[in-house]
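Peer 1: This is the content of structure.pdb (PDB, C-alpha atoms and all ligand atoms):
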```
ATOM      1  CA  MET L   1      84.586 132.296  67.349  1.00  0.00           C
ATOM      2  CA  THR L   2      85.386 132.445  71.056  1.00  0.00           C
ATOM      3  CA  ASN L   3      88.341 131.406  73.112  1.00  0.00           C
ATOM      4  CA  SER L   4      88.258 130.414  76.786  1.00  0.00           C
ATOM      5  CA  GLN L   5      91.342 132.533  77.473  1.00  0.00           C
ATOM      6  CA  TRP L   6      89.561 135.654  76.143  1.00  0.00           C
ATOM      7  CA  THR L   7      86.618 134.926  78.447  1.00  0.00           C
ATOM      8  CA  ASP L   8      88.937 134.321  81.432  1.00  0.00           C
ATOM      9  CA  VAL L   9      90.708 137.635  80.867  1.00  0.00           C
ATOM     10  CA  ASP L  10      87.379 139.455  80.457  1.00  0.00           C
ATOM     11  CA  ARG L  11      86.193 137.936  83.740  1.00  0.00           C
ATOM     12  CA  TYR L  12      89.401 139.022  85.497  1.00  0.00           C
ATOM     13  CA  PHE L  13      89.164 142.615  84.204  1.00  0.00           C
ATOM     14  CA  THR L  14      85.424 142.836  84.766  1.00  0.00           C
ATOM     15  CA  GLU L  15      85.537 141.611  88.381  1.00  0.00           C
ATOM     16  CA  LEU L  16      88.159 144.218  89.271  1.00  0.00           C
ATOM     17  CA  LEU L  17      87.297 147.179  87.048  1.00  0.00           C
ATOM     18  CA  ALA L  18      83.694 146.885  85.857  1.00  0.00           C
ATOM     19  CA  PRO L  19      81.972 144.741  88.499  1.00  0.00           C
ATOM     20  CA  GLY L  20      78.506 146.090  87.846  1.00  0.00           C
ATOM     21  CA  ASP L  21      75.777 145.930  90.455  1.00  0.00           C
ATOM     22  CA  GLU L  22      72.244 144.822  91.194  1.00  0.00           C
ATOM     23  CA  ALA L  23      70.546 146.966  88.526  1.00  0.00           C
ATOM     24  CA  LEU L  24      72.935 145.921  85.752  1.00  0.00           C
ATOM     25  CA  SER L  25      72.738 142.218  86.565  1.00  0.00           C
ATOM     26  CA  ALA L  26      68.942 142.459  86.950  1.00  0.00           C
ATOM     27  CA  ALA L  27      68.783 144.066  83.492  1.00  0.00           C
ATOM     28  CA  LEU L  28      70.585 141.080  81.966  1.00  0.00           C
ATOM     29  CA  THR L  29      68.531 138.524  83.931  1.00  0.00           C
ATOM     30  CA  ALA L  30      65.230 140.166  82.935  1.00  0.00           C
ATOM     31  CA  SER L  31      66.360 140.423  79.291  1.00  0.00           C
ATOM     32  CA  THR L  32      67.204 136.723  79.134  1.00  0.00           C
ATOM     33  CA  ALA L  33      63.963 135.789  80.940  1.00  0.00           C
ATOM     34  CA  ALA L  34      62.004 137.774  78.330  1.00  0.00           C
ATOM     35  CA  GLY L  35      63.719 135.879  75.517  1.00  0.00           C
ATOM     36  CA  LEU L  36      65.888 138.731  74.222  1.00  0.00           C
ATOM     37  CA  PRO L  37      69.069 137.658  72.406  1.00  0.00           C
ATOM     38  CA  GLU L  38      72.180 137.756  74.619  1.00  0.00           C
ATOM     39  CA  ILE L  39      74.021 140.361  72.554  1.00  0.00           C
ATOM     40  CA  ALA L  40      74.343 143.309  74.949  1.00  0.00           C
ATOM     41  CA  VAL L  41      77.800 144.825  75.239  1.00  0.00           C
ATOM     42  CA  ALA L  42      80.117 143.031  77.672  1.00  0.00           C
ATOM     43  CA  PRO L  43      80.466 144.663  81.118  1.00  0.00           C
ATOM     44  CA  ASN L  44      83.947 146.002  80.369  1.00  0.00           C
ATOM     45  CA  GLN L  45      82.644 147.413  77.066  1.00  0.00           C
ATOM     46  CA  GLY L  46      79.732 149.035  78.914  1.00  0.00           C
ATOM     47  CA  LYS L  47      82.296 150.560  81.261  1.00  0.00           C
ATOM     48  CA  LEU L  48      84.218 151.871  78.236  1.00  0.00           C
ATOM     49  CA  LEU L  49      81.042 153.575  76.953  1.00  0.00           C
ATOM     50  CA  HIS L  50      80.499 155.042  80.426  1.00  0.00           C
ATOM     51  CA  LEU L  51      84.066 156.367  80.595  1.00  0.00           C
ATOM     52  CA  LEU L  52      83.894 157.832  77.067  1.00  0.00           C
ATOM     53  CA  ALA L  53      80.692 159.656  78.014  1.00  0.00           C
ATOM     54  CA  ARG L  54      82.345 160.945  81.196  1.00  0.00           C
ATOM     55  CA  VAL L  55      85.526 162.056  79.449  1.00  0.00           C
ATOM     56  CA  GLN L  56      83.345 163.783  76.857  1.00  0.00           C
ATOM     57  CA  GLY L  57      81.312 165.511  79.582  1.00  0.00           C
ATOM     58  CA  ALA L  58      78.243 164.285  77.709  1.00  0.00           C
ATOM     59  CA  ARG L  59      74.908 165.825  78.728  1.00  0.00           C
ATOM     60  CA  ASN L  60      72.856 164.700  75.730  1.00  0.00           C
ATOM     61  CA  ILE L  61      73.317 161.139  74.421  1.00  0.00           C
ATOM     62  CA  LEU L  62      71.611 159.288  71.552  1.00  0.00           C
ATOM     63  CA  GLU L  63      71.712 155.513  71.380  1.00  0.00           C
ATOM     64  CA  ILE L  64      70.458 153.568  68.349  1.00  0.00           C
ATOM     65  CA  GLY L  65      69.589 149.975  69.334  1.00  0.00           C
ATOM     66  CA  THR L  66      68.374 149.581  72.933  1.00  0.00           C
ATOM     67  CA  LEU L  67      67.702 145.843  73.336  1.00  0.00           C
ATOM     68  CA  GLY L  68      67.089 145.463  77.126  1.00  0.00           C
ATOM     69  CA  GLY L  69      68.780 148.747  78.019  1.00  0.00           C
ATOM     70  CA  TYR L  70      72.030 147.301  79.371  1.00  0.00           C
ATOM     71  CA  SER L  71      74.356 149.635  77.428  1.00  0.00           C
ATOM     72  CA  THR L  72      71.788 152.392  78.062  1.00  0.00           C
ATOM     73  CA  ILE L  73      72.270 152.042  81.833  1.00  0.00           C
ATOM     74  CA  TRP L  74      76.075 152.242  81.567  1.00  0.00           C
ATOM     75  CA  LEU L  75      75.785 155.372  79.380  1.00  0.00           C
ATOM     76  CA  ALA L  76      73.022 157.105  81.358  1.00  0.00           C
ATOM     77  CA  ARG L  77      75.011 156.716  84.579  1.00  0.00           C
ATOM     78  CA  ALA L  78      77.614 159.036  83.068  1.00  0.00           C
ATOM     79  CA  LEU L  79      75.074 161.869  82.732  1.00  0.00           C
ATOM     80  CA  PRO L  80      74.704 164.803  85.099  1.00  0.00           C
ATOM     81  CA  ALA L  81      71.394 165.118  86.989  1.00  0.00           C
ATOM     82  CA  ASP L  82      69.946 167.340  84.242  1.00  0.00           C
ATOM     83  CA  GLY L  83      71.306 165.211  81.386  1.00  0.00           C
ATOM     84  CA  ARG L  84      69.273 163.292  78.824  1.00  0.00           C
ATOM     85  CA  LEU L  85      69.588 160.061  76.880  1.00  0.00           C
ATOM     86  CA  VAL L  86      67.275 159.048  74.045  1.00  0.00           C
ATOM     87  CA  THR L  87      67.494 155.434  72.906  1.00  0.00           C
ATOM     88  CA  LEU L  88      65.822 154.119  69.738  1.00  0.00           C
ATOM     89  CA  GLU L  89      64.409 150.593  69.561  1.00  0.00           C
ATOM     90  CA  TYR L  90      62.439 148.949  66.768  1.00  0.00           C
ATOM     91  CA  ASP L  91      60.976 146.038  68.722  1.00  0.00           C
ATOM     92  CA  PRO L  92      58.217 147.069  71.190  1.00  0.00           C
ATOM     93  CA  ALA L  93      58.877 143.970  73.326  1.00  0.00           C
ATOM     94  CA  HIS L  94      62.547 144.931  73.670  1.00  0.00           C
ATOM     95  CA  ALA L  95      61.543 148.512  74.495  1.00  0.00           C
ATOM     96  CA  ASP L  96      59.192 147.306  77.269  1.00  0.00           C
ATOM     97  CA  VAL L  97      61.945 145.206  78.856  1.00  0.00           C
ATOM     98  CA  ALA L  98      64.347 148.134  78.566  1.00  0.00           C
ATOM     99  CA  ARG L  99      61.929 150.610  80.170  1.00  0.00           C
ATOM    100  CA  ALA L 100      61.495 148.309  83.177  1.00  0.00           C
ATOM    101  CA  ASN L 101      65.265 147.777  83.473  1.00  0.00           C
ATOM    102  CA  ILE L 102      65.951 151.511  83.208  1.00  0.00           C
ATOM    103  CA  ALA L 103      63.311 152.316  85.838  1.00  0.00           C
ATOM    104  CA  ARG L 104      64.782 149.670  88.172  1.00  0.00           C
ATOM    105  CA  ALA L 105      68.144 151.392  87.759  1.00  0.00           C
ATOM    106  CA  GLY L 106      66.525 154.691  88.801  1.00  0.00           C
ATOM    107  CA  LEU L 107      67.275 156.303  85.447  1.00  0.00           C
ATOM    108  CA  ASP L 108      63.774 156.783  84.012  1.00  0.00           C
ATOM    109  CA  GLU L 109      63.889 160.546  84.579  1.00  0.00           C
ATOM    110  CA  LEU L 110      66.945 160.843  82.330  1.00  0.00           C
ATOM    111  CA  VAL L 111      66.212 158.211  79.699  1.00  0.00           C
ATOM    112  CA  GLU L 112      63.554 158.064  76.999  1.00  0.00           C
ATOM    113  CA  VAL L 113      63.079 154.809  75.060  1.00  0.00           C
ATOM    114  CA  ARG L 114      61.478 155.547  71.682  1.00  0.00           C
ATOM    115  CA  THR L 115      59.865 152.664  69.862  1.00  0.00           C
ATOM    116  CA  GLY L 116      60.030 152.476  66.074  1.00  0.00           C
ATOM    117  CA  ALA L 117      62.462 152.120  63.219  1.00  0.00           C
ATOM    118  CA  ALA L 118      65.395 154.422  63.962  1.00  0.00           C
ATOM    119  CA  LEU L 119      65.273 155.853  60.435  1.00  0.00           C
ATOM    120  CA  GLU L 120      61.737 157.058  61.239  1.00  0.00           C
ATOM    121  CA  SER L 121      62.561 158.347  64.723  1.00  0.00           C
ATOM    122  CA  LEU L 122      65.664 160.291  63.641  1.00  0.00           C
ATOM    123  CA  PRO L 123      63.858 162.858  61.427  1.00  0.00           C
ATOM    124  CA  LYS L 124      61.359 163.392  64.258  1.00  0.00           C
ATOM    125  CA  LEU L 125      64.179 164.068  66.698  1.00  0.00           C
ATOM    126  CA  GLU L 126      65.612 166.574  64.222  1.00  0.00           C
ATOM    127  CA  ALA L 127      62.221 168.283  63.824  1.00  0.00           C
ATOM    128  CA  GLU L 128      61.955 168.533  67.621  1.00  0.00           C
ATOM    129  CA  GLY L 129      65.350 170.205  67.798  1.00  0.00           C
ATOM    130  CA  ALA L 130      66.561 167.416  70.089  1.00  0.00           C
ATOM    131  CA  GLY L 131      70.191 167.794  69.050  1.00  0.00           C
ATOM    132  CA  PRO L 132      72.996 168.430  69.074  1.00  0.00           C
ATOM    133  CA  PHE L 133      74.001 165.253  70.872  1.00  0.00           C
ATOM    134  CA  ASP L 134      77.391 164.992  72.585  1.00  0.00           C
ATOM    135  CA  LEU L 135      77.748 161.237  72.077  1.00  0.00           C
ATOM    136  CA  PHE L 136      76.156 158.600  69.843  1.00  0.00           C
ATOM    137  CA  PHE L 137      76.226 154.848  70.376  1.00  0.00           C
ATOM    138  CA  ILE L 138      75.187 153.087  67.149  1.00  0.00           C
ATOM    139  CA  ASP L 139      74.313 149.432  67.799  1.00  0.00           C
ATOM    140  CA  ALA L 140      71.193 148.445  65.833  1.00  0.00           C
ATOM    141  CA  ASP L 141      70.661 146.848  62.396  1.00  0.00           C
ATOM    142  CA  LYS L 142      74.104 146.932  60.826  1.00  0.00           C
ATOM    143  CA  VAL L 143      72.794 147.295  57.262  1.00  0.00           C
ATOM    144  CA  ASN L 144      71.757 150.866  58.108  1.00  0.00           C
ATOM    145  CA  ASN L 145      75.070 151.862  59.714  1.00  0.00           C
ATOM    146  CA  PRO L 146      75.923 154.331  56.902  1.00  0.00           C
ATOM    147  CA  ARG L 147      72.550 156.072  57.325  1.00  0.00           C
ATOM    148  CA  TYR L 148      72.966 156.171  61.113  1.00  0.00           C
ATOM    149  CA  VAL L 149      76.384 157.827  60.838  1.00  0.00           C
ATOM    150  CA  GLU L 150      74.923 160.392  58.401  1.00  0.00           C
ATOM    151  CA  TRP L 151      72.149 161.115  60.900  1.00  0.00           C
ATOM    152  CA  ALA L 152      74.644 161.339  63.745  1.00  0.00           C
ATOM    153  CA  LEU L 153      76.552 163.963  61.759  1.00  0.00           C
ATOM    154  CA  LYS L 154      73.336 165.883  61.135  1.00  0.00           C
ATOM    155  CA  LEU L 155      72.516 165.886  64.858  1.00  0.00           C
ATOM    156  CA  SER L 156      76.069 166.649  66.020  1.00  0.00           C
ATOM    157  CA  ARG L 157      78.277 169.599  66.946  1.00  0.00           C
ATOM    158  CA  PRO L 158      82.046 170.006  66.674  1.00  0.00           C
ATOM    159  CA  GLY L 159      83.504 167.620  69.271  1.00  0.00           C
ATOM    160  CA  THR L 160      80.634 165.099  69.210  1.00  0.00           C
ATOM    161  CA  VAL L 161      81.788 161.496  69.691  1.00  0.00           C
ATOM    162  CA  ILE L 162      80.296 158.655  67.628  1.00  0.00           C
ATOM    163  CA  VAL L 163      80.827 155.018  68.672  1.00  0.00           C
ATOM    164  CA  VAL L 164      79.741 152.152  66.401  1.00  0.00           C
ATOM    165  CA  ASP L 165      79.574 148.576  67.736  1.00  0.00           C
ATOM    166  CA  ASN L 166      80.318 145.286  65.961  1.00  0.00           C
ATOM    167  CA  VAL L 167      82.538 146.559  63.166  1.00  0.00           C
ATOM    168  CA  VAL L 168      84.703 143.416  62.907  1.00  0.00           C
ATOM    169  CA  ARG L 169      82.320 140.458  63.106  1.00  0.00           C
ATOM    170  CA  GLY L 170      84.897 137.713  63.428  1.00  0.00           C
ATOM    171  CA  GLY L 171      87.136 139.398  60.860  1.00  0.00           C
ATOM    172  CA  ARG L 172      84.580 139.347  58.068  1.00  0.00           C
ATOM    173  CA  VAL L 173      84.730 143.136  57.689  1.00  0.00           C
ATOM    174  CA  ALA L 174      88.118 142.937  55.924  1.00  0.00           C
ATOM    175  CA  THR L 175      86.678 141.378  52.778  1.00  0.00           C
ATOM    176  CA  GLU L 176      83.570 141.880  50.683  1.00  0.00           C
ATOM    177  CA  HIS L 177      80.595 139.675  51.549  1.00  0.00           C
ATOM    178  CA  PRO L 178      77.933 140.762  49.060  1.00  0.00           C
ATOM    179  CA  ASP L 179      75.548 138.169  50.539  1.00  0.00           C
ATOM    180  CA  ASP L 180      75.791 139.633  54.071  1.00  0.00           C
ATOM    181  CA  PRO L 181      73.973 142.981  54.441  1.00  0.00           C
ATOM    182  CA  ALA L 182      75.465 143.520  57.925  1.00  0.00           C
ATOM    183  CA  ILE L 183      79.014 143.381  56.543  1.00  0.00           C
ATOM    184  CA  THR L 184      78.080 145.403  53.457  1.00  0.00           C
ATOM    185  CA  GLY L 185      76.515 148.090  55.675  1.00  0.00           C
ATOM    186  CA  THR L 186      79.478 148.162  58.031  1.00  0.00           C
ATOM    187  CA  ARG L 187      82.030 148.387  55.198  1.00  0.00           C
ATOM    188  CA  GLU L 188      80.031 151.202  53.546  1.00  0.00           C
ATOM    189  CA  MET L 189      79.937 152.978  56.918  1.00  0.00           C
ATOM    190  CA  ILE L 190      83.719 152.658  57.438  1.00  0.00           C
ATOM    191  CA  GLU L 191      84.348 153.951  53.899  1.00  0.00           C
ATOM    192  CA  LEU L 192      81.917 156.834  54.447  1.00  0.00           C
ATOM    193  CA  VAL L 193      83.685 157.792  57.697  1.00  0.00           C
ATOM    194  CA  ALA L 194      87.078 157.548  55.958  1.00  0.00           C
ATOM    195  CA  ARG L 195      86.149 160.038  53.213  1.00  0.00           C
ATOM    196  CA  GLU L 196      84.092 162.353  55.457  1.00  0.00           C
ATOM    197  CA  PRO L 197      86.189 165.455  56.198  1.00  0.00           C
ATOM    198  CA  ARG L 198      84.012 166.299  59.207  1.00  0.00           C
ATOM    199  CA  LEU L 199      85.016 163.070  60.986  1.00  0.00           C
ATOM    200  CA  ASP L 200      88.282 161.977  62.551  1.00  0.00           C
ATOM    201  CA  ALA L 201      88.140 158.268  63.417  1.00  0.00           C
ATOM    202  CA  THR L 202      89.738 154.981  64.291  1.00  0.00           C
ATOM    203  CA  ALA L 203      88.521 151.406  64.538  1.00  0.00           C
ATOM    204  CA  PHE L 204      90.002 148.523  66.457  1.00  0.00           C
ATOM    205  CA  GLN L 205      89.557 144.805  67.007  1.00  0.00           C
ATOM    206  CA  THR L 206      88.485 143.356  70.341  1.00  0.00           C
ATOM    207  CA  VAL L 207      88.376 139.835  71.755  1.00  0.00           C
ATOM    208  CA  GLY L 208      86.575 138.741  74.888  1.00  0.00           C
ATOM    209  CA  SER L 209      83.365 137.219  76.168  1.00  0.00           C
ATOM    210  CA  LYS L 210      81.593 138.472  73.006  1.00  0.00           C
ATOM    211  CA  GLY L 211      84.080 136.740  70.725  1.00  0.00           C
ATOM    212  CA  TYR L 212      86.130 138.544  68.091  1.00  0.00           C
ATOM    213  CA  ASP L 213      84.652 141.910  67.129  1.00  0.00           C
ATOM    214  CA  GLY L 214      85.493 145.591  67.305  1.00  0.00           C
ATOM    215  CA  LEU L 215      84.469 149.214  67.661  1.00  0.00           C
ATOM    216  CA  LEU L 216      84.707 152.382  65.622  1.00  0.00           C
ATOM    217  CA  VAL L 217      85.218 155.664  67.474  1.00  0.00           C
ATOM    218  CA  ALA L 218      84.891 158.968  65.626  1.00  0.00           C
ATOM    219  CA  ARG L 219      84.954 162.627  66.604  1.00  0.00           C
ATOM    220  CA  VAL L 220      83.331 165.487  64.709  1.00  0.00           C
ATOM    221  CA  VAL L 221      86.114 167.936  63.878  1.00  0.00           C
ATOM    222  CA  ASP L 222      86.159 171.519  65.184  1.00  0.00           C
TER     223      ASP L 222
HETATM  224  N1  LIG L 301      72.902 148.393  72.669  1.00  0.00           N
HETATM  225  C1  LIG L 301      72.381 147.170  73.263  1.00  0.00           C
HETATM  226  C2  LIG L 301      72.307 146.041  72.240  1.00  0.00           C
HETATM  227  C3  LIG L 301      71.486 146.371  71.023  1.00  0.00           C
HETATM  228  S1  LIG L 301      71.133 144.921  70.059  1.00  0.00           S
HETATM  229  C4  LIG L 301      73.299 146.750  74.408  1.00  0.00           C
HETATM  230  O1  LIG L 301      74.517 146.670  74.163  1.00  0.00           O
HETATM  231  O2  LIG L 301      72.828 146.489  75.521  1.00  0.00           O
HETATM  232  C5  LIG L 301      70.393 145.645  68.661  1.00  0.00           C
HETATM  233  C6  LIG L 301      68.985 146.209  68.890  1.00  0.00           C
HETATM  234  O3  LIG L 301      68.672 147.008  67.747  1.00  0.00           O
HETATM  235  C7  LIG L 301      67.906 145.125  68.989  1.00  0.00           C
HETATM  236  O4  LIG L 301      67.133 145.304  70.154  1.00  0.00           O
HETATM  237  C8  LIG L 301      67.052 145.360  67.749  1.00  0.00           C
HETATM  238  O5  LIG L 301      65.671 145.108  67.943  1.00  0.00           O
HETATM  239  C9  LIG L 301      67.293 146.840  67.481  1.00  0.00           C
HETATM  240  N2  LIG L 301      67.015 147.238  66.096  1.00  0.00           N
HETATM  241  C10 LIG L 301      67.132 146.499  64.977  1.00  0.00           C
HETATM  242  N3  LIG L 301      66.757 147.202  63.907  1.00  0.00           N
HETATM  243  C11 LIG L 301      66.414 148.423  64.341  1.00  0.00           C
HETATM  244  C12 LIG L 301      65.932 149.607  63.724  1.00  0.00           C
HETATM  245  N4  LIG L 301      65.732 149.668  62.410  1.00  0.00           N
HETATM  246  N5  LIG L 301      65.669 150.687  64.487  1.00  0.00           N
HETATM  247  C13 LIG L 301      65.881 150.637  65.829  1.00  0.00           C
HETATM  248  N6  LIG L 301      66.331 149.550  66.475  1.00  0.00           N
HETATM  249  C14 LIG L 301      66.583 148.464  65.750  1.00  0.00           C
HETATM  250  C1  LIG L 302      74.690 140.952  67.174  1.00  0.00           C
HETATM  251  C2  LIG L 302      74.344 142.278  67.355  1.00  0.00           C
HETATM  252  C3  LIG L 302      75.053 143.062  68.245  1.00  0.00           C
HETATM  253  O1  LIG L 302      74.777 144.374  68.439  1.00  0.00           O
HETATM  254  C4  LIG L 302      76.125 142.527  68.951  1.00  0.00           C
HETATM  255  O2  LIG L 302      76.808 143.339  69.788  1.00  0.00           O
HETATM  256  C5  LIG L 302      76.460 141.201  68.764  1.00  0.00           C
HETATM  257  C6  LIG L 302      75.739 140.415  67.890  1.00  0.00           C
HETATM  258  C7  LIG L 302      73.922 140.113  66.227  1.00  0.00           C
HETATM  259  O3  LIG L 302      72.959 140.623  65.640  1.00  0.00           O
HETATM  260  O4  LIG L 302      74.264 138.946  66.076  1.00  0.00           O
HETATM  261 MG    MG L 303      76.316 145.399  69.489  1.00  0.00          MG
END
```
Will you turn the file into structure tokens for me?
Ligand code: SAH
Ligand code: DHB
Ligand code: MG
Peer 2:
Amino acid sequence: MTNSQWTDVDRYFTELLAPGDEALSAALTASTAAGLPEIAVAPNQGKLLHLLARVQGARNILEIGTLGGYSTIWLARALPADGRLVTLEYDPAHADVARANIARAGLDELVEVRTGAALESLPKLEAEGAGPFDLFFIDADKVNNPRYVEWALKLSRPGTVIVVDNVVRGGRVATEHPDDPAITGTREMIELVAREPRLDATAFQTVGSKGYDGLLVARVVD
């Protein structure tokens, strides 16, 4: 479900407020050339992630779901010179494309792309004492969204921000779809966040160049 007016408005906002640059457009071009699906966040959504990380003063960021590293670049550019971003990617081909895109953006000193299933990488990060993270961006296989939020809580501190992508999916989230594991996982995640006393959250619908979708934003309470 898309609408040409949504795309026009996104283009207008993006040209003025989130114009991007050579490294960001090269990341998208290289991702498409390598056959990656065109499902990165929109430029104005990438800018939102960047601003949230800045407002948060994030120094340590964990992303789950790298793809070609487009959202990674927006987030990593919010870090101070001694900051760190770890991004988890299942598909080694995606991770290779992302590493090249991140290096081209001059961010390879700050960013580590870890290949493997996120649910295997997360316990390793915990064992390494890699947390607490200041901000999480959860954007991988939606069926595991409840597990990813549980892990984010485990690797958080009071004040940590958790952002989850694709929580609306054309409106399907509002009703049960037992046949669709992505919707089931997202609904379980929203219900988990709602009953979790350590999280304060909202979710909202978005329209634009990526169609009709939405984001969840949560904060770990003090
Ligand atoms: N955040 C990216 C888009 C991510 S798309 C951006 O906006 O630019 C989702 C990614 O999650 C895909 O690259 C997919 O391979 C990856 N993924 C799927 N299942 C995963 C898993 N179990 N662990 C880690 N990554 C996974
Ligand atoms: C899909 C995944 C995403 O993370 C996204 O932002 C849009 C679409 C998908 O799997 O279709
Ligand atoms: Mg997404």
Peer 1: If you count all atoms listed in the file, which residues end up within 9 Å of ligand LIG 301 (chain L), as a PyMOL selection string?
Peer 2: chain L and resi 28+36-42+45-46+63-74+87-95+114-121+137-144+165
Peer 1: If you measure from CA of Asp213 in chain L to CA of Arg169 in chain L, what distance in Å do you get, rounded to one decimal?
Peer 2: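 We find that CA of Asp213 in chain L and CA of Arg169 in chain L lie 4.9 Å from each other.
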Peer 1: Decode the PyMOL selection byres (((chain L and resi 83) around 8) and not hetatm) for the given file into explicit residues and return them as a VMD selection string.
Peer 2: chain L and resid 58 to 60 79 to 82 84 to 85 110
Peer 1: Determine the nearest neighbour of ligand LIG 302 (chain L) from the options L:Leu52, L:Arg198, L:Ile190, L:Gly170, counting all atoms listed in the file.
Peer 2: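 Checking each candidate against ligand LIG 302 (chain L), we get L:Gly170 as the closest.
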Peer 1: Taking the point (91.4, 142.3, 82.9) as given in the file, collect each protein or nucleic acid residue that comes within 12 Å of it, counting only C-alpha atoms, and present the set as JSON, numbers by chain.
Peer 2: {"L": [5, 6, 7, 8, 9, 10, 11, 12, 13, 14, 15, 16, 17, 18, 19, 43, 44, 45, 207, 208, 209]}
Peer 1: Evaluate the PyMOL selection byres (((chain L and resi 189) around 9) and not hetatm) on the structure here and hand back the selected residues as a ChimeraX atom specification.
Peer 2: /L:144-149,184-188,190-194
Peer 1: Using all atoms listed in the file and a cutoff of 12 Å, can you tell me which residues are near (66.5, 163.6, 69.6) in the file's coordinates, and write them out as a PyMOL selection string?
Peer 2: chain L and resi 60-64+84-88+111-114+118+120-136+151-152+154-156
Peer 1: With distances taken over only C-alpha atoms and all ligand atoms, which of L:Gly171, L:Val164, L:Gln205, L:Val220 is nearest to ligand LIG 302 (chain L)?
Peer 2: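 Between L:Gly171, L:Val164, L:Gln205, L:Val220, the residue approaching ligand LIG 302 (chain L) most closely is L:Val164.
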Peer 1: Given the choices L:Asp180, L:Asp21, L:Glu109, L:Asp96, which gets closest to ligand LIG 302 (chain L) if the distance is worked out from only C-alpha atoms and all ligand atoms?
Peer 2: L:Asp180
Peer 1: Using the incomplete input, complete range 161-166 of chain L to the level of all heavy atoms; output as a compact mmCIF listing (two decimals), in the coordinates of the input.
Peer 2:
```txt
# COMPACT_ATOMS: atom_id res chain seq x y z
N VAL L 161 81.16 162.82 69.82
CA VAL L 161 81.79 161.50 69.69
C VAL L 161 80.75 160.50 69.17
O VAL L 161 79.60 160.49 69.64
CB VAL L 161 82.35 161.03 71.05
CG1 VAL L 161 82.82 159.58 70.99
CG2 VAL L 161 83.52 161.93 71.48
N ILE L 162 81.17 159.69 68.20
CA ILE L 162 80.30 158.66 67.63
C ILE L 162 80.98 157.30 67.81
O ILE L 162 82.12 157.13 67.37
CB ILE L 162 80.05 158.92 66.12
CG1 ILE L 162 79.42 160.30 65.90
CG2 ILE L 162 79.16 157.81 65.53
CD1 ILE L 162 79.37 160.74 64.43
N VAL L 163 80.29 156.37 68.48
CA VAL L 163 80.83 155.02 68.67
C VAL L 163 79.92 154.05 67.91
O VAL L 163 78.69 154.14 68.02
CB VAL L 163 80.86 154.64 70.17
CG1 VAL L 163 81.46 153.25 70.37
CG2 VAL L 163 81.64 155.68 70.97
N VAL L 164 80.52 153.17 67.13
CA VAL L 164 79.74 152.15 66.40
C VAL L 164 80.21 150.77 66.85
O VAL L 164 81.41 150.48 66.83
CB VAL L 164 79.90 152.29 64.87
CG1 VAL L 164 78.97 151.30 64.15
CG2 VAL L 164 79.61 153.72 64.41
N ASP L 165 79.25 149.92 67.24
CA ASP L 165 79.57 148.58 67.74
C ASP L 165 79.65 147.57 66.58
O ASP L 165 79.11 147.80 65.50
CB ASP L 165 78.48 148.13 68.72
CG ASP L 165 78.92 146.94 69.59
OD1 ASP L 165 80.14 146.71 69.73
OD2 ASP L 165 78.04 146.24 70.13
N ASN L 166 80.35 146.48 66.83
CA ASN L 166 80.32 145.29 65.96
C ASN L 166 80.87 145.54 64.57
O ASN L 166 80.29 145.08 63.57
CB ASN L 166 78.88 144.73 65.86
CG ASN L 166 78.24 144.56 67.22
OD1 ASN L 166 77.25 145.20 67.54
ND2 ASN L 166 78.84 143.71 68.04
```
